[in-house]
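Source file: protein-v4.cif (mmCIF, C-alpha atoms)
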data_query
#
loop_
_atom_site.group_PDB
_atom_site.id
_atom_site.type_symbol
_atom_site.label_atom_id
_atom_site.label_comp_id
_atom_site.auth_asym_id
_atom_site.auth_seq_id
_atom_site.Cartn_x
_atom_site.Cartn_y
_atom_site.Cartn_z
ATOM 1 C CA MET A 1 122.001 76.247 149.911
ATOM 2 C CA ILE A 2 125.577 76.909 150.999
ATOM 3 C CA GLY A 3 127.939 74.238 149.712
ATOM 4 C CA ARG A 4 125.592 72.922 146.982
ATOM 5 C CA SER A 5 127.541 71.502 143.987
ATOM 6 C CA VAL A 6 126.392 70.744 140.455
ATOM 7 C CA TRP A 7 128.873 68.737 138.349
ATOM 8 C CA LEU A 8 128.980 69.536 134.650
ATOM 9 C CA ARG A 9 130.910 67.893 131.834
ATOM 10 C CA PRO A 10 131.722 69.718 128.579
ATOM 11 C CA GLY A 11 128.482 70.080 126.667
ATOM 12 C CA ASP A 12 126.234 69.781 129.724
ATOM 13 C CA ILE A 13 123.493 72.375 130.136
ATOM 14 C CA CYS A 14 122.535 73.722 133.554
ATOM 15 C CA ARG A 15 119.483 75.952 133.898
ATOM 16 C CA PHE A 16 119.143 77.993 137.070
ATOM 17 C CA GLY A 17 116.420 80.042 138.711
ATOM 18 C CA SER A 18 113.644 79.748 141.284
ATOM 19 C CA ASP A 19 111.880 76.906 139.452
ATOM 20 C CA PRO A 20 112.646 73.768 141.524
ATOM 21 C CA ASP A 21 112.886 71.734 138.289
ATOM 22 C CA ASN A 22 116.031 73.603 137.224
ATOM 23 C CA GLU A 23 119.308 71.715 137.381
ATOM 24 C CA LEU A 24 120.406 74.449 139.812
ATOM 25 C CA PRO A 25 117.337 75.614 141.772
ATOM 26 C CA LEU A 26 117.806 78.969 143.508
ATOM 27 C CA LEU A 27 114.770 79.007 145.762
ATOM 28 C CA ASP A 28 114.070 82.669 146.376
ATOM 29 C CA LEU A 29 110.976 84.612 145.309
ATOM 30 C CA SER A 30 113.084 87.543 144.102
ATOM 31 C CA ILE A 31 114.608 85.354 141.346
ATOM 32 C CA ARG A 32 112.929 84.535 138.045
ATOM 33 C CA ALA A 33 111.832 80.951 137.432
ATOM 34 C CA LYS A 34 114.313 80.710 134.540
ATOM 35 C CA ALA A 35 117.095 83.123 135.372
ATOM 36 C CA GLY A 36 119.677 81.816 132.906
ATOM 37 C CA THR A 37 121.559 78.869 131.468
ATOM 38 C CA LEU A 38 125.122 77.608 131.833
ATOM 39 C CA LEU A 39 126.651 75.738 128.892
ATOM 40 C CA ALA A 40 129.789 73.947 130.080
ATOM 41 C CA SER A 41 132.880 73.660 127.891
ATOM 42 C CA GLY A 42 136.342 72.251 128.394
ATOM 43 C CA MET A 43 137.660 75.702 129.371
ATOM 44 C CA GLY A 44 134.795 76.920 131.570
ATOM 45 C CA ALA A 45 131.196 77.798 130.722
ATOM 46 C CA SER A 46 129.031 80.213 128.782
ATOM 47 C CA LEU A 47 126.368 82.095 130.723
ATOM 48 C CA ILE A 48 123.424 82.467 128.335
ATOM 49 C CA SER A 49 120.376 84.768 128.510
ATOM 50 C CA PRO A 50 120.793 85.742 132.169
ATOM 51 C CA ALA A 51 118.052 87.759 133.904
ATOM 52 C CA GLY A 52 118.908 89.588 137.114
ATOM 53 C CA VAL A 53 122.472 88.239 137.083
ATOM 54 C CA THR A 54 125.525 90.313 137.901
ATOM 55 C CA ILE A 55 129.233 89.659 137.376
ATOM 56 C CA ARG A 56 131.594 91.790 139.454
ATOM 57 C CA ASP A 57 128.607 94.018 140.321
ATOM 58 C CA LEU A 58 127.834 94.654 136.630
ATOM 59 C CA ILE A 59 124.677 93.440 134.883
ATOM 60 C CA ALA A 60 125.526 90.395 132.758
ATOM 61 C CA GLY A 61 125.184 90.648 128.981
ATOM 62 C CA PRO A 62 123.231 88.212 126.753
ATOM 63 C CA VAL A 63 126.228 85.846 126.629
ATOM 64 C CA GLU A 64 129.130 85.880 129.073
ATOM 65 C CA THR A 65 132.191 83.618 129.097
ATOM 66 C CA LEU A 66 133.186 82.290 132.504
ATOM 67 C CA LYS A 67 136.384 80.508 133.448
ATOM 68 C CA ASP A 68 137.572 78.523 136.435
ATOM 69 C CA GLY A 69 137.296 80.653 139.566
ATOM 70 C CA ASP A 70 134.777 83.166 138.190
ATOM 71 C CA THR A 71 131.618 83.965 140.153
ATOM 72 C CA PHE A 72 128.256 85.489 139.379
ATOM 73 C CA ALA A 73 125.417 86.616 141.607
ATOM 74 C CA CYS A 74 121.719 85.889 141.195
ATOM 75 C CA GLY A 75 119.509 87.365 143.894
ATOM 76 C CA PRO A 76 121.027 86.511 147.273
ATOM 77 C CA PHE A 77 123.030 83.627 145.791
ATOM 78 C CA LYS A 78 126.633 83.655 144.635
ATOM 79 C CA VAL A 79 127.645 80.912 142.179
ATOM 80 C CA LEU A 80 131.306 79.880 141.897
ATOM 81 C CA LEU A 81 132.613 78.078 138.813
ATOM 82 C CA ARG A 82 135.272 75.503 139.612
ATOM 83 C CA GLY A 83 137.217 73.233 137.260
ATOM 84 C CA TYR A 84 137.719 69.628 138.256
ATOM 85 C CA SER A 85 140.086 66.849 137.260
ATOM 86 C CA SER A 86 138.807 63.895 139.262
ATOM 87 C CA ALA A 87 135.759 63.064 137.168
ATOM 88 C CA PRO A 88 135.308 59.442 135.995
ATOM 89 C CA SER A 89 136.845 58.530 132.652
ATOM 90 C CA VAL A 90 134.635 59.592 129.770
ATOM 91 C CA ILE A 91 134.952 56.169 128.148
ATOM 92 C CA ALA A 92 133.302 54.506 131.164
ATOM 93 C CA SER A 93 129.813 55.691 130.150
ATOM 94 C CA PRO A 94 127.523 55.027 127.181
ATOM 95 C CA MET A 95 128.040 58.631 126.097
ATOM 96 C CA GLY A 96 131.797 58.113 126.362
ATOM 97 C CA ALA A 97 131.561 55.059 124.114
ATOM 98 C CA LEU A 98 129.630 57.098 121.553
ATOM 99 C CA ILE A 99 132.179 59.931 121.605
ATOM 100 C CA SER A 100 135.025 57.421 121.310
ATOM 101 C CA TRP A 101 133.352 55.823 118.299
ATOM 102 C CA MET A 102 132.871 59.180 116.573
ATOM 103 C CA SER A 103 136.508 60.093 117.158
ATOM 104 C CA ARG A 104 137.539 57.054 115.083
ATOM 105 C CA VAL A 105 135.295 57.294 112.021
ATOM 106 C CA ARG A 106 137.003 57.088 108.636
ATOM 107 C CA GLY A 107 137.575 60.437 106.990
ATOM 108 C CA SER A 108 136.225 63.623 108.564
ATOM 109 C CA LEU A 109 133.413 63.900 111.090
ATOM 110 C CA TYR A 110 130.571 66.294 110.316
ATOM 111 C CA ALA A 111 127.218 67.125 111.873
ATOM 112 C CA ILE A 112 124.101 68.927 110.721
ATOM 113 C CA PHE A 113 122.716 71.063 113.549
ATOM 114 C CA ASP A 114 119.143 72.307 113.358
ATOM 115 C CA ALA A 115 118.987 75.856 114.748
ATOM 116 C CA ALA A 116 115.184 75.784 114.558
ATOM 117 C CA ARG A 117 115.121 73.285 117.428
ATOM 118 C CA ASP A 118 116.303 75.599 120.192
ATOM 119 C CA PRO A 119 117.938 79.052 120.477
ATOM 120 C CA LEU A 120 120.741 77.351 122.414
ATOM 121 C CA VAL A 121 121.890 75.575 119.239
ATOM 122 C CA LEU A 122 123.507 78.700 117.824
ATOM 123 C CA GLU A 123 125.108 79.492 121.183
ATOM 124 C CA LEU A 124 126.490 75.955 121.282
ATOM 125 C CA LEU A 125 127.977 76.301 117.801
ATOM 126 C CA LYS A 126 129.528 79.622 118.756
ATOM 127 C CA GLU A 127 131.081 78.006 121.837
ATOM 128 C CA ALA A 128 132.449 75.051 119.830
ATOM 129 C CA ALA A 129 134.090 77.402 117.301
ATOM 130 C CA CYS A 130 134.198 74.777 114.535
ATOM 131 C CA HIS A 131 134.043 75.394 110.782
ATOM 132 C CA GLN A 132 130.318 75.773 110.058
ATOM 133 C CA LEU A 133 127.995 77.094 107.382
ATOM 134 C CA SER A 134 124.249 77.173 106.784
ATOM 135 C CA LEU A 135 122.907 74.751 104.192
ATOM 136 C CA PHE A 136 120.802 77.622 102.854
ATOM 137 C CA ASP A 137 122.106 80.064 100.259
ATOM 138 C CA GLY A 138 121.214 83.553 99.083
ATOM 139 C CA ASP A 139 118.426 85.541 100.736
ATOM 140 C CA THR A 140 117.199 82.419 102.528
ATOM 141 C CA ARG A 141 120.508 82.114 104.384
ATOM 142 C CA VAL A 142 120.095 85.634 105.771
ATOM 143 C CA ARG A 143 116.362 85.433 106.416
ATOM 144 C CA MET A 144 116.523 81.997 108.077
ATOM 145 C CA ALA A 145 119.830 82.403 109.910
ATOM 146 C CA ASP A 146 118.229 81.717 113.307
ATOM 147 C CA ALA A 147 116.392 78.596 112.134
ATOM 148 C CA ALA A 148 118.626 77.049 109.471
ATOM 149 C CA PRO A 149 120.387 73.679 109.324
ATOM 150 C CA TYR A 150 124.138 74.190 109.794
ATOM 151 C CA LEU A 151 126.848 71.868 108.519
ATOM 152 C CA VAL A 152 129.645 71.644 111.092
ATOM 153 C CA GLN A 153 133.052 70.002 110.638
ATOM 154 C CA ILE A 154 134.163 68.570 113.995
ATOM 155 C CA PRO A 155 137.865 67.886 114.677
ATOM 156 C CA GLN A 156 137.853 64.320 115.967
ATOM 157 C CA ASN A 157 140.449 64.802 118.700
ATOM 158 C CA SER A 158 139.329 68.171 120.006
ATOM 159 C CA PRO A 159 137.263 69.254 123.036
ATOM 160 C CA ALA A 160 134.606 70.422 120.570
ATOM 161 C CA LEU A 161 133.614 66.813 119.823
ATOM 162 C CA GLU A 162 132.652 66.049 123.413
ATOM 163 C CA LEU A 163 131.035 69.467 123.830
ATOM 164 C CA LEU A 164 128.822 69.114 120.740
ATOM 165 C CA VAL A 165 127.810 65.494 121.320
ATOM 166 C CA ARG A 166 127.001 65.867 125.010
ATOM 167 C CA ALA A 167 125.043 69.098 124.550
ATOM 168 C CA SER A 168 122.956 67.903 121.589
ATOM 169 C CA TRP A 169 122.394 64.183 122.115
ATOM 170 C CA GLY A 170 118.846 63.180 122.999
ATOM 171 C CA LYS A 171 117.368 66.549 122.029
ATOM 172 C CA GLY A 172 116.942 66.010 118.275
ATOM 173 C CA TRP A 173 119.347 68.853 117.544
ATOM 174 C CA ALA A 174 121.802 67.083 115.222
ATOM 175 C CA SER A 175 122.634 64.212 112.904
ATOM 176 C CA PHE A 176 126.291 63.161 112.614
ATOM 177 C CA LEU A 177 128.008 61.828 109.496
ATOM 178 C CA ALA A 178 131.412 60.816 108.180
ATOM 179 C CA SER A 179 132.929 61.485 104.765
ATOM 180 C CA GLU A 180 136.298 61.689 103.047
ATOM 181 C CA LEU A 181 135.019 64.653 101.028
ATOM 182 C CA ASP A 182 136.000 68.188 101.988
ATOM 183 C CA PHE A 183 133.588 70.540 103.719
ATOM 184 C CA MET A 184 132.184 72.307 100.663
ATOM 185 C CA ALA A 185 131.740 69.047 98.748
ATOM 186 C CA VAL A 186 129.739 67.560 101.637
ATOM 187 C CA ARG A 187 127.638 70.716 101.839
ATOM 188 C CA ALA A 188 126.950 70.622 98.092
ATOM 189 C CA GLN A 189 125.886 66.976 98.320
ATOM 190 C CA LEU A 190 123.517 67.622 101.231
ATOM 191 C CA ARG A 191 122.018 70.677 99.559
ATOM 192 C CA ARG A 192 120.820 68.481 96.692
ATOM 193 C CA SER A 193 118.316 66.877 99.092
ATOM 194 C CA LEU A 194 117.003 70.052 100.718
ATOM 195 C CA MET A 195 114.040 70.305 98.345
ATOM 196 C CA ALA A 196 111.543 67.524 97.709
ATOM 197 C CA GLN A 197 108.181 67.092 96.026
ATOM 198 C CA LEU A 198 105.379 66.756 98.566
ATOM 199 C CA PRO A 199 102.417 64.346 98.116
ATOM 200 C CA THR A 200 100.362 67.394 97.079
ATOM 201 C CA GLY A 201 102.768 67.991 94.189
ATOM 202 C CA GLU A 202 104.190 71.140 95.784
ATOM 203 C CA ILE A 203 107.927 71.595 96.400
ATOM 204 C CA GLY A 204 109.008 71.957 100.034
ATOM 205 C CA TYR A 205 111.990 71.520 102.333
ATOM 206 C CA LEU A 206 112.940 67.971 103.281
ATOM 207 C CA ARG A 207 114.092 67.904 106.899
ATOM 208 C CA PHE A 208 116.375 64.915 106.380
ATOM 209 C CA PHE A 209 118.809 66.376 108.942
ATOM 210 C CA ASP A 210 116.271 65.698 111.714
ATOM 211 C CA PRO A 211 117.524 62.440 113.315
ATOM 212 C CA SER A 212 113.963 61.122 113.730
ATOM 213 C CA ILE A 213 113.327 61.594 109.991
ATOM 214 C CA LEU A 214 116.721 60.339 108.813
ATOM 215 C CA GLN A 215 116.401 56.983 110.582
ATOM 216 C CA THR A 216 113.025 56.440 108.921
ATOM 217 C CA PHE A 217 113.997 57.794 105.504
ATOM 218 C CA LEU A 218 117.166 55.719 104.931
ATOM 219 C CA PRO A 219 115.754 52.207 105.570
ATOM 220 C CA ALA A 220 112.709 53.093 103.444
ATOM 221 C CA SER A 221 114.871 54.081 100.452
ATOM 222 C CA ASN A 222 115.982 51.798 97.622
ATOM 223 C CA ALA A 223 119.562 51.497 96.375
ATOM 224 C CA LYS A 224 119.255 54.266 93.773
ATOM 225 C CA GLU A 225 117.761 56.678 96.286
ATOM 226 C CA VAL A 226 120.469 55.923 98.846
ATOM 227 C CA ARG A 227 123.227 56.461 96.266
ATOM 228 C CA GLU A 228 121.778 59.795 95.154
ATOM 229 C CA PHE A 229 121.274 61.015 98.706
ATOM 230 C CA SER A 230 124.530 59.873 100.287
ATOM 231 C CA ALA A 231 127.153 60.036 97.500
ATOM 232 C CA GLY A 232 130.522 60.545 99.196
ATOM 233 C CA ILE A 233 129.124 59.982 102.711
ATOM 234 C CA THR A 234 130.255 56.756 104.400
ATOM 235 C CA GLU A 235 127.967 56.701 107.437
ATOM 236 C CA PHE A 236 125.394 58.518 109.535
ATOM 237 C CA ILE A 237 125.131 58.298 113.320
ATOM 238 C CA VAL A 238 121.904 59.469 114.972
ATOM 239 C CA GLU A 239 120.083 59.080 118.272
ATOM 240 C CA GLN A 240 117.449 56.368 118.255
ATOM 241 C CA ASN A 241 113.800 57.419 118.353
ATOM 242 C CA GLU A 242 113.053 54.898 121.098
ATOM 243 C CA GLY A 243 115.548 56.524 123.441
ATOM 244 C CA PRO A 244 118.792 58.531 123.417
ATOM 245 C CA ASP A 245 120.642 55.795 125.335
ATOM 246 C CA GLN A 246 121.200 54.070 121.998
ATOM 247 C CA ALA A 247 122.557 55.301 118.677
ATOM 248 C CA LEU A 248 121.869 54.120 115.150
ATOM 249 C CA ARG A 249 124.791 53.841 112.761
ATOM 250 C CA PHE A 250 123.864 53.746 109.085
ATOM 251 C CA TYR A 251 126.896 52.380 107.251
ATOM 252 C CA LEU A 252 126.911 53.059 103.510
ATOM 253 C CA PRO A 253 129.432 50.794 101.715
ATOM 254 C CA GLU A 254 131.405 52.112 98.754
ATOM 255 C CA ASN A 255 130.616 49.123 96.540
ATOM 256 C CA PRO A 256 127.424 49.986 94.646
ATOM 257 C CA ARG A 257 126.386 46.315 94.743
ATOM 258 C CA GLU A 258 126.252 46.535 98.524
ATOM 259 C CA GLN A 259 124.586 49.903 98.813
ATOM 260 C CA ARG A 260 121.136 48.397 99.090
ATOM 261 C CA ARG A 261 122.199 46.991 102.463
ATOM 262 C CA ILE A 262 121.972 49.524 105.227
ATOM 263 C CA GLU A 263 123.492 48.181 108.426
ATOM 264 C CA ILE A 264 122.094 49.638 111.619
ATOM 265 C CA HIS A 265 124.370 49.321 114.635
ATOM 266 C CA LEU A 266 123.533 50.060 118.237
ATOM 267 C CA LEU A 267 126.290 51.691 120.245
ATOM 268 C CA ALA A 268 126.286 50.024 123.644
ATOM 269 C CA GLU A 269 128.013 50.945 126.885
ATOM 270 C CA ILE A 270 131.326 49.213 126.279
ATOM 271 C CA GLY A 271 131.322 48.510 122.591
ATOM 272 C CA VAL A 272 129.424 48.241 119.368
ATOM 273 C CA GLY A 273 126.824 45.631 118.558
ATOM 274 C CA SER A 274 124.654 45.282 115.480
ATOM 275 C CA SER A 275 120.995 44.787 114.747
ATOM 276 C CA PRO A 276 119.670 42.837 111.730
ATOM 277 C CA VAL A 277 120.439 44.333 108.347
ATOM 278 C CA TYR A 278 117.586 46.137 106.612
ATOM 279 C CA GLU A 279 117.297 45.351 102.907
ATOM 280 C CA ARG A 280 115.202 46.724 100.081
ATOM 281 C CA PRO A 281 115.337 45.754 96.429
ATOM 282 C CA ALA A 282 117.418 47.894 94.108
#
Please rewrite the model in this file as structure tokens.
Amino acid sequence: MIGRSVWLRPGDICRFGSDPDNELPLLDLSIRAKAGTLLASGMGASLISPAGVTIRDLIAGPVETLKDGDTFACGPFKVLLRGYSSAPSVIASPMGALISWMSRVRGSLYAIFDAARDPLVLELLKEAACHQLSLFDGDTRVRMADAAPYLVQIPQNSPALELLVRASWGKGWASFLASELDFMAVRAQLRRSLMAQLPTGEIGYLRFFDPSILQTFLPASNAKEVREFSAGITEFIVEQNEGPDQALRFYLPENPREQRRIEIHLLAEIGVGSSPVYERPA
């Protein structure tokens, strides 16, 4: 496999090992099927959960940071990490259009990442190094640290935006939102919806931060419910259940008279189009 290249953009995930379905298959019986994962960033890549991997003849730790020019060995294979500057413009793709749209939302851009979805979520948040905090408080925050929803504030003109969107989109890991409120005010508002009464009458967690639930919950809510849930939040952007090649934008107008209209927009390859408006009585 000499000369084999795998191109990664910031946020891309590359699994390697002897399993031929890996993004980087290393076909040798001495190598585990899933030997590790590379999470690309703008500065290099994180090597996550490696098994049988060495860096400079030393056994790799649970998470290693690699930069341009670094190498690691896995079985008889040596993998070289190279930066590149000749990749197509990010705006030329549907994902690029989505990232461009998020970089221009009014106010601050936030996301709720669900750590229960995949252990890689917490590694991704560590790599992005954005302001973040669990939506849980007290003992629950400590006990559920590995499976909690995390509010993340994403600088709109930073490499972290592309990293977080590319790595999470299509996996159900995150819902994105915009607000002119500060971080703690947004967190306080979202925490009000964490608990809900179940049909059985019991109180349980409402997983509104799951993009598949959010896009069902919002159109099914009346004006009062939308106001209570989204006070101070101007829009949500989530992947569409029918396929991650499209995004749903839930725009929540400031005028209370208009808040019963939830506009759902589809982000297309070169721009933004809109679907019919969903309406429910106040």
### Contact residues around segment 24-31 of chain A with all atoms listed in the file at 12 Å, ignoring same-chain residues under 5 positions, as an NGL selection string
:A and (1-2 or 4-8 or 13-19 or 36-38 or 50-53 or 73-79)
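Across the structure, atom CA of Ala223 of chain A and atom CA of Arg207 of chain A are spaced 20.2 Å apart.
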### Task
Write out as a PyMOL selection string which residues come within 12 Å of Asp137 of chain A when counting only C-alpha atoms, dropping same-chain ones fewer than 6 positions away.
chain A and resi 143-145+148-150+187-188+191+194
### Close residues, Ala60 of chain A itself excluded, 10 Å, all atoms listed in the file, min 2 positions apart in chain, as a ChimeraX atom specification
/A:47-58,62-64,72-73
### Task
Could you tell me which residues the PyMOL selection byres ((chain A and resi 205) around 9) returns for this structure, as a list in words?
Ser193, Leu194, Met195, Ala196, Gln197, Leu198, Ile203, Gly204, Leu206, Arg207 and Phe208 of chain A
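Within the 8 Å cut-off around Thr65 of chain A, using only C-alpha atoms and omitting residues fewer than 4 positions from it on the same chain, the listed residues are A:Gly44, A:Ala45, A:Ser46, A:Leu47.
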### Query
Near segment 130-133 of chain A, counting all atoms listed in the file, which residues have an atom at most 7 Å away, once you skip same-chain residues fewer than 5 positions from it, shown as a ChimeraX atom specification?
/A:150-154
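Each of A:Arg192, A:Lys126, A:Asp139, A:Ile112 was checked against Leu214 of chain A using all atoms listed in the file; the smallest atom-to-atom distance is that of A:Ile112.
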### Task
Calculate how many Å separate atom CA of Phe176 of chain A from atom CA of Phe236 of chain A, rounding to one decimal.
5.6 Å
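Each of A:Asn22, A:Leu124, A:Glu162, A:Phe113 was compared to Ala97 of chain A using only C-alpha atoms, and A:Glu162 turns out to be the nearest.
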Assuming the chain letters and numbering stay as they are in my file, what does the PyMOL selection byres ((chain A and resi 169) around 10) actually select? List them as a tab-separated table (two decimals) with C-alpha atoms, in the coordinates of the input.
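Produced file expr-v2.tsv, reproduced below:
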chain	number	residue	atom	x	y	z
A	11	GLY	CA	128.48	70.08	126.67
A	95	MET	CA	128.04	58.63	126.10
A	164	LEU	CA	128.82	69.11	120.74
A	165	VAL	CA	127.81	65.49	121.32
A	166	ARG	CA	127.00	65.87	125.01
A	167	ALA	CA	125.04	69.10	124.55
A	168	SER	CA	122.96	67.90	121.59
A	170	GLY	CA	118.85	63.18	123.00
A	171	LYS	CA	117.37	66.55	122.03
A	172	GLY	CA	116.94	66.01	118.28
A	173	TRP	CA	119.35	68.85	117.54
A	174	ALA	CA	121.80	67.08	115.22
A	175	SER	CA	122.63	64.21	112.90
A	238	VAL	CA	121.90	59.47	114.97
A	239	GLU	CA	120.08	59.08	118.27
A	244	PRO	CA	118.79	58.53	123.42
A	245	ASP	CA	120.64	55.80	125.34
A	247	ALA	CA	122.56	55.30	118.68
Give the padded box for segment 126-136 of chain A as lines of an AutoDock Vina configuration file: axis-aligned, covering all atoms listed in the file, 3 Å on each side, centre and edge lengths in Å to one decimal.
center_x = 127.5
center_y = 77.2
center_z = 112.3
size_x = 19.4
size_y = 10.9
size_z = 25.0
### Message
If the PyMOL selection byres ((chain A and resi 116) around 7) were run on this exact file, what residues would it hold? Put them as a ChimeraX atom specification.
### Response
/A:114-115,117-118,146-148
Any chance you could export the current selection's C-alpha atoms as a CSV table (one decimal), keeping the file's coordinate frame?
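Listing of again.csv after writing:
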chain,number,residue,atom,x,y,z
A,114,ASP,CA,119.1,72.3,113.4
A,115,ALA,CA,119.0,75.9,114.7
A,117,ARG,CA,115.1,73.3,117.4
A,118,ASP,CA,116.3,75.6,120.2
A,146,ASP,CA,118.2,81.7,113.3
A,147,ALA,CA,116.4,78.6,112.1
A,148,ALA,CA,118.6,77.0,109.5
### Query
Interatomic distance between atom CA of Gly107 of chain A and atom CA of Val226 of chain A?
19.5 Å
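Counting all atoms listed in the file and comparing A:Pro219, A:Pro20, A:Gly232, A:Gly201, the residue that lies closest to Ala178 of chain A is A:Gly232.
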#### Entry: Shortest interatomic distance to Leu109 of chain A - which of A:Asp210, A:Glu235, A:Asp21, A:Glu123, counting all atoms listed in the file
A:Glu235
### Query
Please, which residues are within 8 Å of (136.2, 66.6, 113.6) by the file's coordinates, counting only C-alpha atoms, and could they come as a PyMOL selection string?
chain A and resi 103+108-110+153-158+161
Give me a file of those residues, with C-alpha atoms, as an mmCIF file, in the frame of the given file.
data_model
loop_
_atom_site.group_PDB
_atom_site.id
_atom_site.type_symbol
_atom_site.label_atom_id
_atom_site.label_comp_id
_atom_site.auth_asym_id
_atom_site.auth_seq_id
_atom_site.Cartn_x
_atom_site.Cartn_y
_atom_site.Cartn_z
ATOM 1 C CA SER A 103 136.508 60.093 117.158
ATOM 2 C CA SER A 108 136.225 63.623 108.564
ATOM 3 C CA LEU A 109 133.413 63.900 111.090
ATOM 4 C CA TYR A 110 130.571 66.294 110.316
ATOM 5 C CA GLN A 153 133.052 70.002 110.638
ATOM 6 C CA ILE A 154 134.163 68.570 113.995
ATOM 7 C CA PRO A 155 137.865 67.886 114.677
ATOM 8 C CA GLN A 156 137.853 64.320 115.967
ATOM 9 C CA ASN A 157 140.449 64.802 118.700
ATOM 10 C CA SER A 158 139.329 68.171 120.006
ATOM 11 C CA LEU A 161 133.614 66.813 119.823
#
### Message
Calculated over only C-alpha atoms, which of the candidates A:Ala35, A:Leu120, A:Ala111, A:Val142 has the smallest distance to Ala160 of chain A?
### Response
A:Ala111
Using the block above, I'd like segment 47-60 of chain A written out, keeping N, CA and C atoms and formatting it as an mmCIF file, in the first residue's frame.
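Saved as decode02.cif:
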data_model
loop_
_atom_site.group_PDB
_atom_site.id
_atom_site.type_symbol
_atom_site.label_atom_id
_atom_site.label_comp_id
_atom_site.auth_asym_id
_atom_site.auth_seq_id
_atom_site.Cartn_x
_atom_site.Cartn_y
_atom_site.Cartn_z
ATOM 1 N N LEU A 47 -4.977 11.510 17.303
ATOM 2 C CA LEU A 47 -4.965 10.055 17.196
ATOM 3 C C LEU A 47 -5.662 9.520 18.431
ATOM 4 N N ILE A 48 -6.820 8.867 18.241
ATOM 5 C CA ILE A 48 -7.694 8.508 19.355
ATOM 6 C C ILE A 48 -7.778 6.992 19.503
ATOM 7 N N SER A 49 -7.661 6.522 20.752
ATOM 8 C CA SER A 49 -7.827 5.116 21.114
ATOM 9 C C SER A 49 -7.006 4.173 20.247
ATOM 10 N N PRO A 50 -5.718 4.442 20.071
ATOM 11 C CA PRO A 50 -4.914 3.548 19.226
ATOM 12 C C PRO A 50 -4.608 2.234 19.925
ATOM 13 N N ALA A 51 -4.531 1.148 19.151
ATOM 14 C CA ALA A 51 -4.168 -0.171 19.671
ATOM 15 C C ALA A 51 -3.035 -0.713 18.808
ATOM 16 N N GLY A 52 -1.882 -0.967 19.424
ATOM 17 C CA GLY A 52 -0.745 -1.463 18.672
ATOM 18 C C GLY A 52 -0.104 -0.402 17.803
ATOM 19 N N VAL A 53 -0.217 0.865 18.215
ATOM 20 C CA VAL A 53 0.339 1.981 17.451
ATOM 21 C C VAL A 53 1.532 2.555 18.211
ATOM 22 N N THR A 54 2.581 2.868 17.497
ATOM 23 C CA THR A 54 3.741 3.488 18.121
ATOM 24 C C THR A 54 4.072 4.807 17.432
ATOM 25 N N ILE A 55 4.578 5.742 18.228
ATOM 26 C CA ILE A 55 5.049 7.036 17.729
ATOM 27 C C ILE A 55 6.477 7.204 18.217
ATOM 28 N N ARG A 56 7.402 7.314 17.283
ATOM 29 C CA ARG A 56 8.830 7.397 17.615
ATOM 30 C C ARG A 56 9.242 6.236 18.534
ATOM 31 N N ASP A 57 8.753 5.041 18.157
ATOM 32 C CA ASP A 57 9.078 3.778 18.834
ATOM 33 C C ASP A 57 8.510 3.672 20.242
ATOM 34 N N LEU A 58 7.605 4.593 20.618
ATOM 35 C CA LEU A 58 6.947 4.526 21.920
ATOM 36 C C LEU A 58 5.472 4.211 21.722
ATOM 37 N N ILE A 59 4.909 3.412 22.628
ATOM 38 C CA ILE A 59 3.489 3.050 22.519
ATOM 39 C C ILE A 59 2.638 4.301 22.673
ATOM 40 N N ALA A 60 1.709 4.507 21.746
ATOM 41 C CA ALA A 60 0.860 5.700 21.762
ATOM 42 C C ALA A 60 -0.102 5.665 22.936
#
